[in-house]
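Dropping start19.txt in here (compact mmCIF, C-alpha atoms):
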# COMPACT_ATOMS: atom_id res chain seq x y z
CA MET A 1 75.53 105.87 116.93
CA THR A 2 78.63 103.70 117.18
CA PHE A 3 80.87 101.95 114.70
CA ALA A 4 80.27 98.60 116.38
CA ASP A 5 79.05 97.04 113.12
CA LYS A 6 82.05 95.93 111.07
CA PRO A 7 80.69 95.23 107.58
CA THR A 8 82.14 93.45 104.59
CA LEU A 9 81.53 95.57 101.49
CA HIS A 10 81.81 94.10 98.00
CA GLY A 11 82.81 96.14 94.97
CA THR A 12 83.81 95.26 91.43
CA SER A 13 87.56 95.33 92.08
CA VAL A 14 87.86 95.48 95.86
CA ILE A 15 86.36 94.03 99.01
CA LEU A 16 86.44 95.99 102.26
CA ARG A 17 86.43 93.74 105.31
CA PRO A 18 87.51 93.57 108.96
CA PHE A 19 91.18 92.68 109.24
CA THR A 20 92.05 88.99 109.23
CA PRO A 21 95.45 87.77 110.55
CA ARG A 22 96.60 87.43 106.93
CA ASP A 23 95.50 90.99 106.15
CA ILE A 24 97.37 92.30 109.16
CA GLU A 25 100.60 90.66 108.05
CA ALA A 26 100.16 92.15 104.56
CA MET A 27 99.94 95.63 106.09
CA GLY A 28 103.60 95.35 107.08
CA SER A 29 104.82 95.90 103.53
CA VAL A 30 102.15 98.55 102.91
CA LEU A 31 103.19 100.63 105.92
CA ALA A 32 106.89 100.20 105.09
CA ASP A 33 106.47 101.60 101.58
CA PRO A 34 108.43 104.90 101.27
CA GLU A 35 105.63 106.52 99.27
CA VAL A 36 103.02 105.64 101.90
CA ILE A 37 105.29 107.00 104.62
CA ARG A 38 105.85 110.27 102.73
CA LEU A 39 102.26 110.89 101.66
CA THR A 40 100.81 110.17 105.11
CA GLY A 41 103.22 112.61 106.74
CA SER A 42 104.83 109.87 108.82
CA ALA A 43 108.37 111.16 108.14
CA ASN A 44 109.92 114.54 107.48
CA SER A 45 112.65 113.54 105.06
CA THR A 46 113.30 111.13 102.21
CA ALA A 47 116.02 109.46 104.28
CA ASP A 48 113.51 108.73 107.04
CA THR A 49 111.15 106.98 104.60
CA LEU A 50 113.77 104.37 103.69
CA GLY A 51 114.70 101.15 105.40
CA THR A 52 111.50 100.49 107.34
CA SER A 53 111.07 96.78 108.00
CA PRO A 54 108.04 95.13 106.37
CA GLU A 55 107.71 93.00 109.51
CA LEU A 56 105.16 94.50 111.88
CA ASP A 57 106.24 95.00 115.47
CA GLU A 58 104.10 93.50 118.22
CA LYS A 59 102.50 96.82 119.15
CA THR A 60 101.31 97.49 115.59
CA ARG A 61 100.12 93.92 115.13
CA ASP A 62 98.13 94.14 118.37
CA TRP A 63 96.67 97.47 117.28
CA TYR A 64 95.30 96.02 114.04
CA SER A 65 94.07 92.93 115.88
CA SER A 66 91.97 95.15 118.15
CA ARG A 67 90.22 97.12 115.37
CA ALA A 68 87.15 94.87 115.37
CA ASP A 69 86.54 95.70 119.04
CA GLN A 70 86.42 99.48 118.56
CA THR A 71 83.02 101.17 118.67
CA ASP A 72 84.27 104.71 118.01
CA ARG A 73 85.88 104.07 114.60
CA LEU A 74 85.76 101.78 111.58
CA ASP A 75 88.94 100.28 110.11
CA LEU A 76 88.63 97.96 107.12
CA ALA A 77 91.21 96.17 105.00
CA VAL A 78 91.17 96.88 101.26
CA ILE A 79 91.31 93.56 99.42
CA ASP A 80 92.24 93.33 95.75
CA ARG A 81 89.66 90.93 94.33
CA ALA A 82 92.08 89.87 91.58
CA THR A 83 94.59 88.47 94.08
CA ASP A 84 92.64 88.24 97.38
CA GLU A 85 95.49 90.28 98.86
CA CYS A 86 95.24 93.13 101.34
CA VAL A 87 96.68 96.20 99.62
CA GLY A 88 95.70 98.92 102.09
CA GLU A 89 93.07 100.23 104.48
CA VAL A 90 90.14 102.65 104.75
CA VAL A 91 89.19 104.34 108.02
CA LEU A 92 86.40 106.40 109.53
CA ASN A 93 87.51 107.95 112.84
CA ASP A 94 87.32 111.09 114.99
CA TRP A 95 83.56 110.64 115.31
CA SER A 96 81.67 113.61 116.79
CA SER A 97 78.12 112.65 117.75
CA ASP A 98 77.06 116.25 118.42
CA ASP A 99 78.22 117.38 114.99
CA GLU A 100 77.33 114.14 113.15
CA SER A 101 80.76 114.21 111.53
CA CYS A 102 83.86 112.07 111.25
CA ASN A 103 87.21 111.89 109.50
CA PHE A 104 88.10 109.68 106.53
CA ARG A 105 91.41 108.32 105.33
CA VAL A 106 92.55 105.72 102.84
CA LEU A 107 95.98 104.37 102.04
CA ILE A 108 96.91 102.00 99.25
CA GLY A 109 100.26 100.23 99.05
CA PRO A 110 102.33 99.76 95.88
CA ARG A 111 100.66 96.47 94.88
CA GLY A 112 97.28 98.20 94.69
CA ARG A 113 98.12 101.47 92.95
CA GLY A 114 97.23 102.66 89.47
CA ARG A 115 94.10 100.52 88.99
CA GLY A 116 91.37 102.59 90.63
CA LEU A 117 91.23 100.49 93.80
CA GLY A 118 91.53 103.51 96.07
CA MET A 119 88.69 105.29 94.30
CA GLU A 120 86.39 102.29 94.52
CA ALA A 121 87.28 101.73 98.17
CA THR A 122 86.48 105.38 98.90
CA ALA A 123 83.12 105.15 97.13
CA LEU A 124 82.21 101.93 98.93
CA LEU A 125 82.92 103.37 102.36
CA LEU A 126 81.11 106.65 101.64
CA ASP A 127 78.06 104.74 100.45
CA HIS A 128 78.10 102.60 103.58
CA ALA A 129 78.61 105.58 105.89
CA PHE A 130 75.86 107.77 104.51
CA SER A 131 73.45 104.87 103.88
CA THR A 132 73.62 103.31 107.33
CA LEU A 133 74.93 105.92 109.79
CA PRO A 134 73.54 109.26 110.99
CA LEU A 135 76.40 111.20 109.46
CA HIS A 136 76.11 114.66 107.93
CA ARG A 137 79.77 115.43 107.21
CA ILE A 138 82.90 113.43 106.38
CA GLU A 139 86.17 115.32 106.17
CA LEU A 140 89.82 114.69 105.35
CA GLU A 141 93.16 116.38 104.79
CA VAL A 142 95.51 115.75 101.90
CA PHE A 143 98.98 117.21 101.40
CA ALA A 144 99.53 119.45 98.38
CA PHE A 145 102.28 117.13 97.09
CA ASN A 146 99.70 114.35 96.65
CA PRO A 147 97.66 115.47 93.61
CA ARG A 148 96.73 111.87 92.75
CA ALA A 149 94.86 111.46 96.04
CA ARG A 150 93.23 114.88 95.72
CA HIS A 151 91.95 113.87 92.27
CA VAL A 152 90.44 110.68 93.72
CA TYR A 153 88.75 112.64 96.49
CA GLU A 154 87.35 115.25 94.12
CA ARG A 155 85.95 112.55 91.82
CA SER A 156 84.41 110.92 94.89
CA GLY A 157 82.54 114.13 95.75
CA PHE A 158 84.81 115.79 98.30
CA VAL A 159 84.94 119.58 98.09
CA VAL A 160 87.96 121.74 98.93
CA GLU A 161 87.19 123.92 101.95
CA GLY A 162 90.51 125.58 102.60
CA THR A 163 94.22 125.22 103.16
CA ARG A 164 96.33 124.79 106.25
CA ARG A 165 99.32 126.68 104.95
CA ASP A 166 102.85 125.34 105.54
CA ALA A 167 101.39 122.62 107.76
CA PHE A 168 104.08 120.02 107.09
CA VAL A 169 107.80 120.05 106.36
CA PHE A 170 109.37 117.46 104.08
CA ASP A 171 113.01 117.58 102.97
CA GLY A 172 113.12 121.16 104.20
CA GLU A 173 110.16 122.27 102.07
CA ARG A 174 106.97 123.57 103.67
CA ILE A 175 103.89 121.76 102.37
CA ASP A 176 100.26 122.90 102.52
CA ALA A 177 97.53 120.58 103.83
CA ILE A 178 94.26 120.83 101.91
CA VAL A 179 91.03 120.41 103.89
CA MET A 180 88.18 118.67 102.03
CA SER A 181 84.74 117.40 102.98
CA ILE A 182 81.57 115.85 101.61
CA LEU A 183 78.12 116.52 103.13
CA ARG A 184 75.14 114.20 103.14
CA PRO A 185 73.09 116.35 100.68
CA GLU A 186 76.02 116.31 98.25
CA TRP A 187 76.35 112.52 98.50
CA GLU A 188 72.59 112.12 98.06
CA ALA A 189 72.60 114.33 94.96
CA ARG A 190 75.41 112.26 93.45
CA SER A 191 73.93 108.86 94.34
CA HIS A 192 70.46 109.77 93.05
CA ALA A 193 71.60 111.54 89.89
CA PRO A 194 70.40 110.08 86.57
CA GLY A 195 72.82 107.45 85.37
CA ALA A 196 74.56 107.19 88.74
CA SER A 197 75.87 103.74 89.52
CA SER A 198 76.86 102.31 92.87
CA PRO A 199 80.14 100.43 93.42
CA LEU A 200 78.24 98.03 95.64
CA SER A 201 77.93 95.21 93.17

Could you quickly redo this structure as structure tokens?
Amino acid sequence: MTFADKPTLHGTSVILRPFTPRDIEAMGSVLADPEVIRLTGSANSTADTLGTSPELDEKTRDWYSSRADQTDRLDLAVIDRATDECVGEVVLNDWSSDDESCNFRVLIGPRGRGRGLGMEATALLLDHAFSTLPLHRIELEVFAFNPRARHVYERSGFVVEGTRRDAFVFDGERIDAIVMSILRPEWEARSHAPGASSPLS
């Protein structure tokens, strides 16, 4: 298995697609958002989350431009269907062929928050992954100071497995990292349950 196929997935409120040049430019303001920086563990203090330029540097722009060529991971832009604007990204990476497992992450910038876009993007990518790829397990980590994301993951079927205690320091406070996963049988039970509906519409 590889992630060579880069699909476009259509939901009710979002589209997931390979990054276009316009999407890449939009990621500048997403990645510069102080809340994104804090919740992804990209800085260790409030002061360090502030003042990041929304203009992508050449290295980051080149990195996003090369995502379509990667066969060991899947990176898709999250497009708000209401505005046709890129508001974030979803990623499957750290693929282990022997274990049939990979890692998942999603980040949504300020222009996409509070409307369920992250939840629909998560459901779309899980449906694609388990429907088309020989995956058994998808895992993630979420910091304890991000209950909103944990709620999204739990509603999407992820189960808490354990805690990496004091795994991250922010503003001098030690923060736990919560390990979560969803297994193929769990996804199948959810997707085939009576009354279950797919976001792929």

Rounded to one decimal, what separation in Å do you get between CA of Glu188 in chain A and CA of Phe130 in chain A? 8.4 Å

Skip Leu140 in chain A itself and residues of its chain fewer than 3 positions away, then list as a ChimeraX atom specification all residues within 10 Å of it, counting all atoms listed in the file. /A:92,102-106,153,158,160,177-182

Nearby residues (only C-alpha atoms) at most 10 Å from Leu76 in chain A, same-chain spacing under 4 positions excluded, as a PDB file with C-alpha atoms, in the frame of the given file:
ATOM      1  CA  LYS A   6      82.050  95.930 111.070  1.00  0.00           C
ATOM      2  CA  PRO A   7      80.690  95.230 107.580  1.00  0.00           C
ATOM      3  CA  THR A   8      82.140  93.450 104.590  1.00  0.00           C
ATOM      4  CA  LEU A   9      81.530  95.570 101.490  1.00  0.00           C
ATOM      5  CA  ILE A  15      86.360  94.030  99.010  1.00  0.00           C
ATOM      6  CA  LEU A  16      86.440  95.990 102.260  1.00  0.00           C
ATOM      7  CA  ARG A  17      86.430  93.740 105.310  1.00  0.00           C
ATOM      8  CA  PRO A  18      87.510  93.570 108.960  1.00  0.00           C
ATOM      9  CA  PHE A  19      91.180  92.680 109.240  1.00  0.00           C
ATOM     10  CA  THR A  20      92.050  88.990 109.230  1.00  0.00           C
ATOM     11  CA  ASP A  23      95.500  90.990 106.150  1.00  0.00           C
ATOM     12  CA  TYR A  64      95.300  96.020 114.040  1.00  0.00           C
ATOM     13  CA  ARG A  67      90.220  97.120 115.370  1.00  0.00           C
ATOM     14  CA  ALA A  68      87.150  94.870 115.370  1.00  0.00           C
ATOM     15  CA  GLY A  88      95.700  98.920 102.090  1.00  0.00           C
ATOM     16  CA  GLU A  89      93.070 100.230 104.480  1.00  0.00           C
ATOM     17  CA  VAL A  90      90.140 102.650 104.750  1.00  0.00           C
ATOM     18  CA  VAL A  91      89.190 104.340 108.020  1.00  0.00           C
ATOM     19  CA  LEU A  92      86.400 106.400 109.530  1.00  0.00           C
ATOM     20  CA  VAL A 106      92.550 105.720 102.840  1.00  0.00           C
ATOM     21  CA  ALA A 121      87.280 101.730  98.170  1.00  0.00           C
ATOM     22  CA  LEU A 125      82.920 103.370 102.360  1.00  0.00           C
TER      23      LEU A 125
END

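When all atoms listed in the file are used to compute distances to Ala167 in chain A, the closest of the residues A:Ala193, A:Ala82, A:Val142, A:Met27 turns out to be A:Val142.
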
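Taking CA of Arg73 in chain A and CA of Phe3 in chain A as the two end points, the separation is 5.4 Å.
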
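Using only C-alpha atoms, the contacts of Phe145 in chain A at a cut-off of 12 Å, with sequence neighbours closer than 3 positions omitted, comprise Glu35, Arg38, Leu39, Thr40, Gly41, Glu141, Val142, Arg148, Ala149, Arg150, His151, Asp166, Phe168, Val169, Phe170, Glu173, Arg174, Ile175, Asp176, Ala177 and Ile178 of chain A.
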
Quick one: everything within 12 Å of Arg115 in chain A, counting all atoms listed in the file, minus sequence neighbours fewer than 5 positions away in the same chain. Send it as a VMD selection string. chain A and resid 12 to 14 80 to 82 87 108 to 110 120 to 121 152

Adding 6 Å on each side of the box along x, y and z that holds all listed atoms of range 137-146 of chain A, could you give its centre and edge lengths in Å to one decimal, as lines of an AutoDock Vina configuration file?
center_x = 91.0
center_y = 116.4
center_z = 101.9
size_x = 34.5
size_y = 18.0
size_z = 22.6

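Here CA of Ser96 in chain A stands at a distance of 19.1 Å from CA of Trp187 in chain A.
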
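Distances from A:Pro34, A:Pro134, A:Gly162, A:Gly157 to Thr122 in chain A were compared using all atoms listed in the file, and the smallest one belongs to A:Gly157.
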
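Considering all atoms listed in the file, the residue among A:Asp57, A:Val36, A:Arg22, A:Ser131 positioned nearest to Asn146 in chain A is A:Val36.
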
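Distances to Ala4 in chain A were evaluated for A:Ala77, A:Glu25, A:Leu133, A:Val30 using only C-alpha atoms, and the minimum falls at A:Leu133.
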